[in-house]
Structure formats: C-alpha cells, structure tokens
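Just upload-v7.txt here, compact mmCIF, C-alpha atoms and all ligand atoms:
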# COMPACT_ATOMS: atom_id res chain seq x y z
CA MET A 1 -46.09 29.43 6.60
CA GLY A 2 -44.25 29.75 3.27
CA LYS A 3 -41.08 28.57 4.93
CA GLU A 4 -42.82 25.55 6.39
CA SER A 5 -44.22 24.44 3.06
CA ILE A 6 -40.80 24.75 1.39
CA THR A 7 -39.33 22.59 4.13
CA LYS A 8 -42.04 20.00 3.77
CA GLU A 9 -41.58 19.98 0.04
CA SER A 10 -37.85 19.51 0.29
CA ILE A 11 -38.30 16.71 2.82
CA THR A 12 -40.62 14.96 0.40
CA LYS A 13 -38.15 15.42 -2.45
CA GLU A 14 -35.38 13.96 -0.33
CA ALA A 15 -37.50 10.98 0.59
CA VAL A 16 -38.36 10.37 -3.07
CA ALA A 17 -34.68 10.57 -4.06
CA LYS A 18 -33.72 8.11 -1.33
CA GLU A 19 -36.51 5.80 -2.32
CA ALA A 20 -35.21 5.86 -5.92
CA VAL A 21 -31.91 4.34 -4.76
CA THR A 22 -33.70 1.59 -2.86
CA LYS A 23 -36.00 0.86 -5.80
CA GLU A 24 -33.14 0.75 -8.28
CA LEU A 25 -31.28 -1.72 -6.10
CA GLU A 26 -34.36 -3.88 -5.50
CA LYS A 27 -34.82 -4.22 -9.27
CA ARG A 28 -31.47 -5.99 -9.47
CA CYS A 29 -32.60 -8.89 -7.21
CA ILE A 30 -29.06 -9.63 -6.04
CA PRO A 31 -28.20 -12.46 -3.63
CA GLU A 32 -28.29 -11.60 0.06
CA LEU A 33 -25.10 -10.72 1.86
CA LEU A 34 -26.37 -10.98 5.41
CA ARG A 35 -27.54 -14.59 5.36
CA LEU A 36 -25.48 -17.76 5.70
CA SER A 37 -25.93 -20.51 3.13
CA ASP A 38 -27.82 -22.54 5.78
CA ASN A 39 -30.28 -19.62 5.95
CA THR A 40 -29.13 -18.21 9.32
CA PRO A 41 -29.49 -14.42 9.32
CA VAL A 42 -26.17 -12.66 9.82
CA ASP A 43 -26.73 -10.12 12.56
CA THR A 44 -23.47 -10.06 14.52
CA PRO A 45 -19.86 -9.34 13.52
CA GLN A 46 -19.03 -12.96 14.49
CA LEU A 47 -21.59 -14.34 12.06
CA TRP A 48 -20.29 -11.94 9.41
CA GLU A 49 -16.86 -13.58 9.77
CA ALA A 50 -18.47 -16.93 8.91
CA ARG A 51 -20.36 -15.36 6.00
CA ARG A 52 -17.17 -13.67 4.83
CA LYS A 53 -15.50 -17.09 4.50
CA GLU A 54 -18.43 -18.41 2.44
CA ILE A 55 -18.28 -15.37 0.16
CA ARG A 56 -14.52 -15.74 -0.41
CA GLU A 57 -15.08 -19.36 -1.32
CA ILE A 58 -17.93 -18.67 -3.77
CA LEU A 59 -16.06 -15.87 -5.52
CA GLN A 60 -12.92 -17.94 -5.95
CA ARG A 61 -14.77 -21.04 -7.10
CA GLU A 62 -17.12 -19.34 -9.55
CA CYS A 63 -15.37 -16.19 -10.72
CA TYR A 64 -11.68 -15.60 -10.10
CA GLY A 65 -10.27 -19.05 -9.28
CA TYR A 66 -8.41 -20.04 -6.11
CA LEU A 67 -5.47 -17.93 -5.05
CA PRO A 68 -2.58 -19.83 -3.43
CA GLU A 69 -2.50 -19.61 0.36
CA THR A 70 0.76 -21.38 1.18
CA GLY A 71 3.78 -22.94 -0.48
CA TRP A 72 6.11 -20.15 -1.56
CA GLU A 73 8.97 -18.01 -0.34
CA THR A 74 9.59 -14.41 -1.28
CA GLU A 75 12.70 -12.27 -1.21
CA TRP A 76 13.35 -8.71 -2.31
CA GLU A 77 16.40 -6.95 -3.65
CA THR A 78 16.90 -3.23 -4.28
CA VAL A 79 18.26 -3.13 -7.82
CA ALA A 80 18.30 0.65 -8.43
CA GLU A 81 18.22 3.75 -6.26
CA GLU A 82 17.72 7.43 -6.97
CA GLU A 83 18.07 9.62 -3.91
CA ASN A 84 17.18 12.90 -5.54
CA ALA A 85 14.28 12.19 -7.86
CA PHE A 86 12.08 15.15 -8.91
CA GLY A 87 14.68 17.75 -8.02
CA GLY A 88 15.59 16.19 -4.70
CA LYS A 89 12.04 15.84 -3.33
CA VAL A 90 11.69 12.09 -3.61
CA TYR A 91 13.68 9.00 -2.73
CA MET A 92 13.01 6.34 -5.33
CA ARG A 93 14.10 2.74 -5.44
CA THR A 94 13.39 -0.17 -7.70
CA ILE A 95 12.94 -3.46 -5.92
CA GLU A 96 12.89 -6.89 -7.47
CA VAL A 97 10.42 -9.34 -5.97
CA ARG A 98 11.54 -12.97 -6.26
CA ILE A 99 9.07 -15.73 -5.55
CA ARG A 100 9.96 -19.41 -5.33
CA SER A 101 7.74 -22.48 -5.05
CA GLY A 102 8.48 -26.19 -5.52
CA ARG A 103 7.97 -25.59 -9.24
CA GLY A 104 10.54 -22.89 -9.78
CA TYR A 105 11.10 -19.21 -9.48
CA VAL A 106 9.73 -15.95 -10.95
CA SER A 107 10.54 -12.28 -10.43
CA PHE A 108 9.20 -8.82 -11.24
CA PRO A 109 10.17 -5.27 -10.30
CA PHE A 110 8.25 -2.53 -8.55
CA GLN A 111 9.21 1.05 -7.86
CA LEU A 112 8.79 2.75 -4.49
CA SER A 113 8.79 6.58 -4.39
CA VAL A 114 8.84 8.21 -0.97
CA PRO A 115 8.52 11.97 -0.37
CA GLY A 116 11.46 13.32 1.61
CA ASN A 117 9.48 15.86 3.61
CA THR A 118 6.87 13.53 5.14
CA GLU A 119 7.49 11.26 8.07
CA LYS A 120 5.91 7.83 7.67
CA PRO A 121 3.76 8.66 4.66
CA PRO A 122 0.66 6.67 3.78
CA VAL A 123 1.12 4.61 0.64
CA PHE A 124 -0.62 3.90 -2.65
CA LEU A 125 0.15 0.48 -4.09
CA TYR A 126 -0.67 1.26 -7.69
CA ILE A 127 -0.90 -1.40 -10.39
CA THR A 128 -0.53 0.38 -13.68
CA PHE A 129 -0.62 -0.13 -17.43
CA SER A 130 2.45 2.09 -17.97
CA PRO A 131 6.02 0.82 -17.78
CA LEU A 132 7.98 1.88 -14.69
CA SER A 133 10.08 4.17 -16.89
CA SER A 134 7.05 6.50 -17.25
CA PRO A 135 6.81 8.87 -14.24
CA GLU A 136 2.98 9.18 -14.59
CA MET A 137 1.42 10.83 -11.51
CA VAL A 138 4.31 10.13 -9.15
CA GLU A 139 5.40 13.73 -8.57
CA GLU A 140 1.87 14.89 -7.83
CA ILE A 141 1.19 12.00 -5.47
CA THR A 142 4.42 12.46 -3.52
CA ASP A 143 3.91 16.26 -3.44
CA ASN A 144 0.68 15.49 -1.59
CA GLY A 145 2.55 13.60 1.11
CA PHE A 146 1.91 10.04 -0.07
CA ALA A 147 4.43 7.38 -1.00
CA VAL A 148 3.63 5.32 -4.08
CA ALA A 149 4.68 1.78 -4.95
CA ARG A 150 4.05 1.20 -8.64
CA VAL A 151 4.07 -2.04 -10.53
CA CYS A 152 3.37 -2.54 -14.21
CA TYR A 153 0.91 -5.39 -14.56
CA GLN A 154 2.58 -6.87 -17.64
CA ASP A 155 5.85 -7.12 -15.70
CA ILE A 156 4.08 -9.53 -13.34
CA ALA A 157 2.52 -11.70 -16.04
CA PRO A 158 1.62 -10.92 -19.65
CA ASP A 159 -1.97 -10.03 -20.47
CA GLN A 160 -2.34 -13.04 -22.75
CA ASN A 161 -4.01 -16.39 -22.76
CA ASP A 162 -0.78 -18.29 -22.09
CA GLY A 163 -2.10 -20.93 -19.72
CA TYR A 164 0.07 -21.04 -16.65
CA TYR A 165 3.25 -20.65 -18.65
CA ASN A 166 4.48 -17.20 -17.60
CA GLY A 167 4.83 -15.38 -14.29
CA PRO A 168 3.54 -16.42 -10.85
CA GLY A 169 0.83 -18.59 -12.46
CA SER A 170 3.60 -21.04 -13.39
CA LEU A 171 4.39 -21.58 -9.69
CA PHE A 172 0.86 -22.81 -8.99
CA PRO A 173 -0.75 -24.02 -12.23
CA GLY A 174 -4.50 -24.52 -11.88
CA ASN A 175 -7.21 -26.47 -13.67
CA ALA A 176 -9.70 -25.35 -16.33
CA TYR A 177 -12.52 -24.93 -13.81
CA ASP A 178 -11.46 -23.19 -10.64
CA GLY A 179 -7.78 -22.55 -11.33
CA TRP A 180 -6.82 -18.89 -10.90
CA GLY A 181 -7.06 -16.51 -13.83
CA LYS A 182 -4.81 -13.58 -14.63
CA LEU A 183 -6.74 -11.17 -12.41
CA GLY A 184 -5.97 -13.52 -9.54
CA VAL A 185 -2.31 -13.74 -10.51
CA TRP A 186 -1.96 -9.96 -10.65
CA ALA A 187 -3.89 -9.50 -7.39
CA TRP A 188 -1.89 -12.16 -5.52
CA SER A 189 1.35 -10.60 -6.75
CA LEU A 190 0.27 -7.25 -5.32
CA SER A 191 0.05 -9.00 -1.96
CA ARG A 192 3.67 -10.09 -2.40
CA ILE A 193 4.59 -6.42 -2.74
CA MET A 194 2.44 -5.74 0.32
CA ASP A 195 4.58 -8.28 2.23
CA TYR A 196 7.49 -5.93 1.59
CA LEU A 197 5.63 -2.69 2.34
CA VAL A 198 4.28 -3.80 5.73
CA GLN A 199 7.78 -4.41 7.06
CA GLU A 200 9.12 -1.08 5.79
CA LYS A 201 9.47 1.04 8.94
CA THR A 202 9.69 4.37 7.10
CA LEU A 203 6.10 4.03 5.81
CA ASN A 204 2.73 4.32 7.53
CA THR A 205 1.92 0.63 7.32
CA ASP A 206 -1.57 1.22 8.75
CA ALA A 207 -2.49 3.28 5.71
CA ILE A 208 -1.69 1.36 2.55
CA ALA A 209 -4.23 1.62 -0.27
CA VAL A 210 -4.35 -0.61 -3.32
CA ILE A 211 -5.47 1.08 -6.53
CA GLY A 212 -5.97 0.20 -10.18
CA HIS A 213 -8.06 1.23 -13.15
CA SER A 214 -10.30 -0.81 -15.44
CA ARG A 215 -9.00 -4.42 -15.64
CA LEU A 216 -6.57 -3.29 -12.97
CA GLY A 217 -9.49 -1.85 -10.97
CA LYS A 218 -10.92 -5.38 -11.00
CA THR A 219 -7.48 -6.58 -9.88
CA ALA A 220 -7.21 -4.00 -7.07
CA LEU A 221 -10.70 -4.92 -5.83
CA LEU A 222 -9.89 -8.63 -5.81
CA CYS A 223 -6.58 -7.99 -4.06
CA GLY A 224 -8.08 -5.79 -1.36
CA ALA A 225 -11.04 -8.15 -0.92
CA MET A 226 -8.71 -11.08 -0.23
CA ASP A 227 -5.92 -9.31 1.64
CA GLU A 228 -7.11 -7.58 4.80
CA ARG A 229 -3.89 -5.64 5.36
CA PHE A 230 -4.99 -2.86 3.00
CA SER A 231 -6.72 0.04 4.74
CA LEU A 232 -8.39 1.22 1.53
CA VAL A 233 -9.25 -0.35 -1.81
CA ILE A 234 -9.72 1.92 -4.83
CA ALA A 235 -11.41 0.38 -7.87
CA SER A 236 -11.42 2.91 -10.68
CA GLU A 237 -13.95 2.23 -13.45
CA SER A 238 -13.60 -1.48 -12.80
CA GLY A 239 -16.96 -2.40 -14.37
CA ALA A 240 -17.86 -6.03 -15.15
CA GLY A 241 -15.96 -8.47 -12.96
CA GLY A 242 -15.01 -5.46 -10.82
CA ALA A 243 -17.29 -3.36 -8.65
CA ALA A 244 -20.31 -3.30 -11.00
CA LEU A 245 -23.27 -5.56 -10.31
CA PHE A 246 -23.76 -8.07 -13.12
CA ARG A 247 -27.53 -8.26 -12.68
CA GLY A 248 -29.22 -5.53 -14.70
CA LYS A 249 -25.87 -4.19 -15.90
CA GLU A 250 -25.51 -2.12 -19.08
CA GLY A 251 -22.48 -2.52 -21.34
CA GLU A 252 -20.11 -5.40 -20.74
CA LYS A 253 -21.69 -8.69 -19.63
CA VAL A 254 -20.35 -12.05 -18.42
CA ALA A 255 -20.49 -13.35 -22.01
CA ASP A 256 -18.32 -10.46 -23.25
CA LEU A 257 -15.74 -11.08 -20.56
CA CYS A 258 -15.66 -14.80 -21.28
CA ARG A 259 -15.39 -14.27 -25.04
CA ASN A 260 -12.73 -11.54 -24.98
CA PHE A 261 -10.76 -12.26 -21.83
CA PRO A 262 -11.55 -15.82 -20.68
CA TYR A 263 -8.12 -16.12 -19.07
CA TRP A 264 -8.72 -13.20 -16.67
CA PHE A 265 -11.16 -15.36 -14.70
CA CYS A 266 -11.52 -19.03 -13.84
CA GLY A 267 -13.15 -21.41 -16.30
CA ASN A 268 -16.28 -21.77 -14.14
CA LEU A 269 -17.37 -18.21 -14.96
CA LYS A 270 -18.28 -19.39 -18.49
CA LYS A 271 -21.19 -21.38 -17.01
CA TRP A 272 -22.89 -18.10 -16.20
CA ALA A 273 -22.58 -16.40 -19.59
CA GLY A 274 -26.05 -15.10 -20.46
CA LYS A 275 -27.33 -16.31 -17.08
CA GLU A 276 -26.51 -13.39 -14.83
CA GLU A 277 -29.79 -13.84 -12.98
CA GLU A 278 -28.69 -17.29 -11.83
CA LEU A 279 -25.22 -16.35 -10.61
CA PRO A 280 -24.68 -17.67 -7.07
CA PHE A 281 -23.04 -14.33 -6.28
CA ASP A 282 -22.87 -10.81 -7.66
CA GLN A 283 -20.09 -8.29 -7.48
CA HIS A 284 -21.28 -6.75 -4.20
CA PHE A 285 -19.82 -9.96 -2.73
CA ALA A 286 -16.35 -8.80 -3.72
CA ALA A 287 -16.99 -5.29 -2.43
CA ALA A 288 -18.39 -6.63 0.86
CA LEU A 289 -15.16 -8.50 1.61
CA VAL A 290 -13.48 -5.12 1.99
CA ALA A 291 -15.70 -4.15 4.95
CA PRO A 292 -15.11 -2.66 7.48
CA ARG A 293 -12.05 -1.20 5.75
CA CYS A 294 -12.52 1.68 3.32
CA LEU A 295 -13.62 1.08 -0.24
CA TYR A 296 -13.67 3.69 -2.99
CA THR A 297 -15.31 3.14 -6.35
CA ALA A 298 -14.84 5.68 -9.13
CA GLY A 299 -16.93 5.95 -12.28
CA ALA A 300 -17.07 8.22 -15.32
CA SER A 301 -20.34 9.54 -16.73
CA GLU A 302 -19.66 8.40 -20.32
CA ASP A 303 -18.25 5.00 -19.39
CA GLU A 304 -21.33 2.99 -20.37
CA TRP A 305 -19.28 -0.18 -20.92
CA ALA A 306 -18.28 -0.22 -17.23
CA ASP A 307 -21.69 1.17 -16.12
CA PRO A 308 -21.12 3.49 -13.15
CA LEU A 309 -24.72 3.11 -11.91
CA SER A 310 -24.10 -0.60 -11.36
CA GLU A 311 -20.90 0.29 -9.48
CA PHE A 312 -22.80 2.79 -7.33
CA LEU A 313 -25.48 0.20 -6.54
CA ALA A 314 -22.87 -2.32 -5.42
CA CYS A 315 -21.59 0.32 -2.99
CA ARG A 316 -25.14 0.83 -1.74
CA ALA A 317 -25.66 -2.93 -1.44
CA VAL A 318 -22.68 -3.41 0.89
CA THR A 319 -23.67 -0.58 3.19
CA PRO A 320 -25.64 -2.83 5.63
CA VAL A 321 -22.47 -4.91 6.12
CA TYR A 322 -20.53 -1.79 7.08
CA GLU A 323 -23.33 -0.78 9.42
CA LEU A 324 -23.27 -4.20 11.08
CA LEU A 325 -19.55 -3.69 11.65
CA GLY A 326 -20.10 -0.26 13.20
CA LYS A 327 -19.21 1.92 10.21
CA GLN A 328 -21.08 4.08 7.79
CA GLY A 329 -21.01 2.57 4.32
CA LEU A 330 -21.96 4.71 1.36
CA VAL A 331 -23.50 7.98 2.47
CA ALA A 332 -25.56 9.04 -0.54
CA ASP A 333 -29.17 10.05 -0.39
CA ARG A 334 -29.91 9.86 -4.11
CA LEU A 335 -28.75 8.30 -7.37
CA PRO A 336 -25.49 9.86 -8.57
CA ARG A 337 -25.34 12.72 -11.05
CA THR A 338 -22.35 13.67 -13.15
CA GLY A 339 -19.81 15.47 -10.99
CA ASP A 340 -21.06 13.98 -7.71
CA MET A 341 -18.76 12.70 -5.04
CA PHE A 342 -19.80 10.91 -1.89
CA HIS A 343 -16.94 11.05 0.61
CA GLU A 344 -18.69 10.90 3.99
CA GLY A 345 -18.70 7.19 4.71
CA SER A 346 -16.28 4.27 4.65
CA VAL A 347 -17.48 3.61 1.12
CA GLY A 348 -16.55 6.47 -1.22
CA PHE A 349 -17.81 7.05 -4.74
CA HIS A 350 -17.45 9.64 -7.44
CA LEU A 351 -18.86 10.11 -10.91
CA ARG A 352 -16.40 12.15 -12.94
CA PRO A 353 -17.62 13.78 -16.15
CA GLY A 354 -16.07 12.18 -19.22
CA THR A 355 -14.95 8.85 -20.57
CA HIS A 356 -13.08 5.76 -19.37
CA TYR A 357 -9.83 7.06 -17.90
CA LEU A 358 -7.86 7.44 -14.68
CA GLY A 359 -6.50 10.95 -14.49
CA ARG A 360 -5.48 13.73 -12.18
CA ASP A 361 -9.09 14.69 -11.39
CA ASP A 362 -9.63 11.21 -10.00
CA TRP A 363 -6.34 11.14 -8.09
CA LYS A 364 -7.16 14.49 -6.52
CA LEU A 365 -10.39 13.05 -5.12
CA PHE A 366 -8.72 9.83 -3.93
CA MET A 367 -6.13 11.87 -2.04
CA GLU A 368 -8.80 14.13 -0.55
CA TYR A 369 -10.72 11.09 0.62
CA ARG A 370 -7.63 9.55 2.21
CA LYS A 371 -6.79 12.75 4.06
CA LYS A 372 -10.36 13.07 5.30
CA HIS A 373 -10.52 9.50 6.61
CA GLY A 374 -6.86 9.06 7.62
CA VAL A 375 -6.58 5.80 5.67
C1 LIG A 401 -12.05 -3.53 -21.80
C2 LIG A 401 -12.76 -4.55 -20.99
C3 LIG A 401 -13.07 -4.01 -19.65
C4 LIG A 401 -11.92 -3.28 -19.03
C5 LIG A 401 -11.04 -2.56 -20.03
C6 LIG A 401 -9.62 -2.23 -19.62
O1 LIG A 401 -11.82 -3.91 -23.07
O2 LIG A 401 -13.89 -4.90 -21.68
O3 LIG A 401 -13.56 -5.02 -18.83
O4 LIG A 401 -11.20 -4.13 -18.24
O5 LIG A 401 -10.84 -3.30 -21.15
O6 LIG A 401 -9.04 -2.84 -18.76
O7 LIG A 401 -9.08 -1.34 -20.24
Output the structure of this file as structure tokens.
Ligand code: GTR
Amino acid sequence: MGKESITKESITKEAVAKEAVTKELEKRCIPELLRLSDNTPVDTPQLWEARRKEIREILQRECYGYLPETGWETEWETVAEEENAFGGKVYMRTIEVRIRSGRGYVSFPFQLSVPGNTEKPPVFLYITFSPLSSPEMVEEITDNGFAVARVCYQDIAPDQNDGYYNGPGSLFPGNAYDGWGKLGVWAWSLSRIMDYLVQEKTLNTDAIAVIGHSRLGKTALLCGAMDERFSLVIASESGAGGAALFRGKEGEKVADLCRNFPYWFCGNLKKWAGKEEELPFDQHFAAALVAPRCLYTAGASEDEWADPLSEFLACRAVTPVYELLGKQGLVADRLPRTGDMFHEGSVGFHLRPGTHYLGRDDWKLFMEYRKKHGV
C-alpha cells in the first residue's frame, strides 16, 4: 500500500516535470518547424527535405547571409610536420588551405593532430580563439583516441567590421542586406577544411564533429547546419544567434548583436532588433537543420548572457523533427538543473556549473557522448 502510493506520487511528479518543459516551450510561441510555408503539414521525411530547404533559405536571407555554393577551387599543402608530438604519441601536421575564385586567392592554416595508437580515429574539427601555437586540449583529446583539426578563427578572417576586405569574404563580396557575415565566412571556411578531412583515408570520415564555443559555437552550429557531412555538431554556450531561442530569451538580444557585432550576421537581421516576436524564424531552425545527425548543446549555469534555458528549449523544440526522421531527439523529462547532462538521444545537452567557458569538464562530456553514440 505504502509502496503503491510512493509510486503514484513519483509518477505524478514526473508528469508535472515533463509538463513544465512543454509549458516553458509553449510560452515562447516559436514558428513551426513541421509545416511548409504553403501550410502543408510536414509528416514524412520527404516533406521534411522540402521544409529543410525553406529553412536554409530563411536563415540565410534573414540572419547569416548567403554562403557561396559554387565558384571556387581549393588546394592544400602540408607546410610543417611533427612526427613525435607529445612524447611520440601524436602525428601533427600543419596544412595550408588555399582558396581561389575569379576575384583572387586567400589562404589560412589548420593543424591536424592524429593519435598514433588509434586506427582511423574519429575527428573533432575545432574552431578556436587560441593561436595554433597554443597546444590547448590537444593532448587530452588525442589521448582519448580522437584526432583533432584545429583552426584559429582569426587566421581565417579577422573579427572586425572590415567589409569584405580580408579573408574568404573577399572572394565573394556580398551586399548590405543578405550578403554573408563573418559567422558565415568562418563556417564556410570550416567546410573547406572538411573537404580535406573527408578525403583523408587515415581518419574515420564517418565521424567528424564540428565544435566551437561562444561566437565560435554559433559558427559551428551554422557550419554543421549547412554542411551535412558532419556526424555531430557541438555548439558550446553559443547563445544569441547560436542555439538559444530569441523569443523569451534572457541576456543578449538581437539588438545587442546588431549593435556590437553587426558584421557577424547579414544586414537583414537589423530589421528584427527589438522585434523578436515577429522574426520569421527562431534559432531552433538552425538546430533542426542538423537532424537526423547528432547535435550537442552545452550551457553553463552562470552564463545568463547566453541563457542556457533558451538553448535547452531549442533542443526540445527540434525533437519532433528527429522523431519524424526515426531518431530520438533530446531525451530529458524535466527542465535542466545545474550539473545535469542528457546524453541518451541524438540531441545531447549539459548544464555545467560555472561561467562562460569551454574547458576540460565540457570536453570530457563531449568525448563521452561521442563514444556512447559512435559519432
Ligand atoms: C560576447 C557576445 C556573445 C558571444 C561572446 C563570445 O560578447 O555577446 O554573443 O559570442 O561574446 O564569443 O565570446
């Protein structure tokens, strides 16, 4: 009798917790994912393909600007090699990416570190703030059996409002409305590194993740949303313009982004400053483009500016898309508490205690998730 009432009580508690997630998401009133612009409900994977195209179009037109689809050639050259990095454990090489269009030529380096003791390791393509000369997490990542290709974002194109003067932007200058912003330039350039990685026979080319933190979390999300060759997309504390829903968001808003970093996005985003409720999209659109591949969103409990709850809700919002495509999305039966991690589904999430940062506690969880899902 006692046992039965405890069970009933816990079932009720569970239901209430689940309901809280649904309610929280409903409050945001975000645009529907599973409906075409002509109002047709999207209830088959084929219809999702059509919806996917619409979503790509809306996001590029209104938020990030259009990324080039044709009109360039790429070549790569190994410019430095270190066969015995980290005491002989890792083979490291620096590769220069050279991209040419009718308008000229640009180049930037990336560094590939491959553990010697793992055959065909899965890969992290990591866009980082640090220069390549800093070893960062490389030894720990390779010790865990992963290869890592690192690129410093400022080596691709400076984080400045320089028009289309520097870096790959100069190959395809855009207009003030829907021309690509710097996030697009960085994201597209990651795909040029991916072109190299997918033809590298020594790597597990079916398991290449793209990862970045903060503005580079936004970049990683955009890259993985647009480029379907990545098996996993990891957006760490990517916040506004990343994985966080704009509607109902705490901290950074569209107006803040457009005032402080207008050149990260396309000019059209300015139209929506202070009008989040009217946006023809929300950031779950970007997250949904990753489906059915794996998506991992990481938040920190004291990162109010990024707003981890709004990141969590975007993960919840895309779950029906994953389900339509035969996968589990986010498996979480309640709103997240500090220290939580949800690793069951194809959409992963964790809420690390602490402030805005990408550190070894986060990496540990990303690697655990990858091993669990084989992506
Ligand atoms: C902040 C910005 C955020 C985030 C962060 C970062 O100043 O408001 O959107 O991108 O920078 O990249 O460090």
So which residues are near ligand LIG 401 (chain A), meaning at most 10 Å away with all atoms listed in the file counted, given back as a compact mmCIF listing (two decimals) with C-alpha atoms, in the coordinates of the input?
# COMPACT_ATOMS: atom_id res chain seq x y z
CA PHE A 129 -0.62 -0.13 -17.43
CA GLY A 212 -5.97 0.20 -10.18
CA HIS A 213 -8.06 1.23 -13.15
CA SER A 214 -10.30 -0.81 -15.44
CA ARG A 215 -9.00 -4.42 -15.64
CA LEU A 216 -6.57 -3.29 -12.97
CA GLY A 217 -9.49 -1.85 -10.97
CA LYS A 218 -10.92 -5.38 -11.00
CA THR A 219 -7.48 -6.58 -9.88
CA GLU A 237 -13.95 2.23 -13.45
CA SER A 238 -13.60 -1.48 -12.80
CA GLY A 239 -16.96 -2.40 -14.37
CA ALA A 240 -17.86 -6.03 -15.15
CA GLY A 241 -15.96 -8.47 -12.96
CA GLY A 242 -15.01 -5.46 -10.82
CA GLY A 251 -22.48 -2.52 -21.34
CA GLU A 252 -20.11 -5.40 -20.74
CA LYS A 253 -21.69 -8.69 -19.63
CA VAL A 254 -20.35 -12.05 -18.42
CA ASP A 256 -18.32 -10.46 -23.25
CA LEU A 257 -15.74 -11.08 -20.56
CA ASN A 260 -12.73 -11.54 -24.98
CA PHE A 261 -10.76 -12.26 -21.83
CA TRP A 264 -8.72 -13.20 -16.67
CA TRP A 305 -19.28 -0.18 -20.92
CA ALA A 306 -18.28 -0.22 -17.23
CA HIS A 356 -13.08 5.76 -19.37
CA TYR A 357 -9.83 7.06 -17.90
Do you have the atom CA of A:Val210-atom CA of A:Leu309 distance handy?
22.4 Å
Point-to-point distance from atom CA of A:Ala243 to atom CA of A:Ala207, Å rounded to tenths
21.7 Å
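When atom CA of A:Arg229 is paired with atom CA of A:Glu69, their separation reads 14.9 Å.
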Would you pick out the contacts of stretch 152-160 of chain A at 8 Å or less, using only C-alpha atoms, so that residues sharing its chain but fewer than 5 positions from it are not included, and give the list as a PyMOL selection string?
chain A and resi 107-110+127-132+166-169+182+185-186+189+216+263
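The residue that comes closest to A:Thr78, out of A:Arg61, A:Arg334, A:Arg98, A:Lys270 and on the basis of only C-alpha atoms, is A:Arg98.
Among the candidate residues A:Ala187, A:Ile99, A:Leu330, A:Ala85, the one lying nearest to A:Pro115 is A:Ala85, with distances computed using all atoms listed in the file.
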Could I get the residues of stretch 228-304 of chain A with an atom no further than 10 Å from an atom of stretch 313-326 of chain A, each paired with its nearest atom pair and that distance in Å to one decimal, using only C-alpha atoms, sorted by chain and residue number, as JSON lines?
{"residue": "A:Ala243", "atom": "CA", "partner": "A:Ala314", "partner_atom": "CA", "distance": 6.5}
{"residue": "A:Ala244", "atom": "CA", "partner": "A:Ala314", "partner_atom": "CA", "distance": 6.2}
{"residue": "A:Leu245", "atom": "CA", "partner": "A:Ala314", "partner_atom": "CA", "distance": 5.9}
{"residue": "A:Phe246", "atom": "CA", "partner": "A:Ala314", "partner_atom": "CA", "distance": 9.7}
{"residue": "A:Asp282", "atom": "CA", "partner": "A:Ala314", "partner_atom": "CA", "distance": 8.8}
{"residue": "A:Gln283", "atom": "CA", "partner": "A:Ala314", "partner_atom": "CA", "distance": 6.9}
{"residue": "A:His284", "atom": "CA", "partner": "A:Ala314", "partner_atom": "CA", "distance": 4.9}
{"residue": "A:Phe285", "atom": "CA", "partner": "A:Val318", "partner_atom": "CA", "distance": 8.0}
{"residue": "A:Ala286", "atom": "CA", "partner": "A:Ala314", "partner_atom": "CA", "distance": 9.3}
{"residue": "A:Ala287", "atom": "CA", "partner": "A:Val318", "partner_atom": "CA", "distance": 6.9}
{"residue": "A:Ala288", "atom": "CA", "partner": "A:Val318", "partner_atom": "CA", "distance": 5.4}
{"residue": "A:Leu289", "atom": "CA", "partner": "A:Val318", "partner_atom": "CA", "distance": 9.1}
{"residue": "A:Val290", "atom": "CA", "partner": "A:Tyr322", "partner_atom": "CA", "distance": 9.3}
{"residue": "A:Ala291", "atom": "CA", "partner": "A:Tyr322", "partner_atom": "CA", "distance": 5.8}
{"residue": "A:Pro292", "atom": "CA", "partner": "A:Tyr322", "partner_atom": "CA", "distance": 5.5}
{"residue": "A:Arg293", "atom": "CA", "partner": "A:Tyr322", "partner_atom": "CA", "distance": 8.6}
{"residue": "A:Cys294", "atom": "CA", "partner": "A:Tyr322", "partner_atom": "CA", "distance": 9.5}
{"residue": "A:Leu295", "atom": "CA", "partner": "A:Cys315", "partner_atom": "CA", "distance": 8.5}
{"residue": "A:Tyr296", "atom": "CA", "partner": "A:Cys315", "partner_atom": "CA", "distance": 8.6}
{"residue": "A:Thr297", "atom": "CA", "partner": "A:Cys315", "partner_atom": "CA", "distance": 7.7}
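Within 10 Å of A:Ala15, once only C-alpha atoms are used and residues closer than 5 positions along the same chain are dropped, the contacting residues are A:Glu9, A:Ser10, A:Ala20, A:Asp333, A:Arg334.
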Residues within 12 Å of A:Val42, please, as a short mmCIF file (atom, residue, chain, number, x, y, z; two decimals) with C-alpha atoms, keeping the file's coordinate frame. Count all atoms listed in the file; anything in the same chain fewer than 2 positions from it doesn't count.
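Printed below is selection.cif as written:
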data_model
loop_
_atom_site.label_atom_id
_atom_site.label_comp_id
_atom_site.auth_asym_id
_atom_site.auth_seq_id
_atom_site.Cartn_x
_atom_site.Cartn_y
_atom_site.Cartn_z
CA GLU A 32 -28.29 -11.60 0.06
CA LEU A 33 -25.10 -10.72 1.86
CA LEU A 34 -26.37 -10.98 5.41
CA ARG A 35 -27.54 -14.59 5.36
CA LEU A 36 -25.48 -17.76 5.70
CA SER A 37 -25.93 -20.51 3.13
CA ASP A 38 -27.82 -22.54 5.78
CA ASN A 39 -30.28 -19.62 5.95
CA THR A 40 -29.13 -18.21 9.32
CA THR A 44 -23.47 -10.06 14.52
CA PRO A 45 -19.86 -9.34 13.52
CA GLN A 46 -19.03 -12.96 14.49
CA LEU A 47 -21.59 -14.34 12.06
CA TRP A 48 -20.29 -11.94 9.41
CA GLU A 49 -16.86 -13.58 9.77
CA ALA A 50 -18.47 -16.93 8.91
CA ARG A 51 -20.36 -15.36 6.00
CA ARG A 52 -17.17 -13.67 4.83
CA PRO A 320 -25.64 -2.83 5.63
CA VAL A 321 -22.47 -4.91 6.12
CA LEU A 324 -23.27 -4.20 11.08
CA LEU A 325 -19.55 -3.69 11.65
#
Residue with smallest distance to A:Ile58 - pool A:Phe281, A:Trp272, A:Trp72, A:Phe86, counting all atoms listed in the file
A:Phe281
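For the point (-3.1, 10.3, 7.0), the residues with an atom at a distance of at most 10 Å are Lys120, Pro121, Pro122, Val123, Gly145, Phe146, Asn204, Asp206, Ala207, Met367, Tyr369, Arg370, Lys371, Lys372, His373, Gly374 and Val375 of chain A, counting only C-alpha atoms.
With only C-alpha atoms as the atoms that count, the residue of A:Arg337, A:Phe349, A:Lys271, A:Tyr165 with the shortest distance to A:Ala235 is A:Phe349.
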Enclose all atoms of stretch 93-103 of chain A listed in the file in an axis-aligned box, grow every side by 4 Å, and hand back centre and edge lengths in Å to one decimal, as lines of an AutoDock Vina configuration file.
center_x = 10.9
center_y = -11.7
center_z = -7.1
size_x = 14.4
size_y = 36.9
size_z = 12.2
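In terms of minimum interatomic distance to A:Leu335, A:Phe312 ranks closest within A:Arg352, A:Glu136, A:Asn268, A:Phe312, counting all atoms listed in the file.
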